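Let me begin by presenting the structure, written as structure tokens, before commenting on it.
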Amino acid sequence: MSIRLPRIPLPILGPAHIVLAVALLLLALFTYSTLQTLRGTVQLNERRSQLQAEVYDLRRQHAELEGLRRYLQSDEYVEAVARDRFGLVMPGEIAVTVEAPSSPRPEREAGERWWEALFAP
């Protein structure tokens, strides 16, 4: 004894169905392409923002270094180095060296305020 299942008729695909399927496939491809383009645009905008921030930081560093370079080439810096490192004085000046006894700094305990260490008995 065999059981027969009813036959389901297959739909007939006409030209309209094929055109619709191709149109849906093209729409899916267009949507995918658009999403990929948008994703790429967002990534490029993020990268541009990062590079702009980096350029800003580099320009700031350049300005600081340029200021330091100008100071190091100035007469003021040369005079300060001559006085501090070599103990030189300008004509007519007298060099005075003051040696004071070093006082030990009071040690602070963790959580102790700075003025408490100064006035501790």
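Residue numbering restarts at 1 in every chain; chains get A, B, ... in the order shown in the structure tokens, and ligands count up from 1 in that same order.
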
Open item on the list: Please extract the residues of chain A with a backbone DSSP assignment of alpha helix (DSSP H) and present them as number ranges by chain.
Closed with: A: 15-72, 75-84, 114-118

Task: stretch 94-98 of chain A surroundings by only C-alpha atoms, 12 Å radius, close-in-sequence under 5 positions cut, as a count of residues only - done: 6
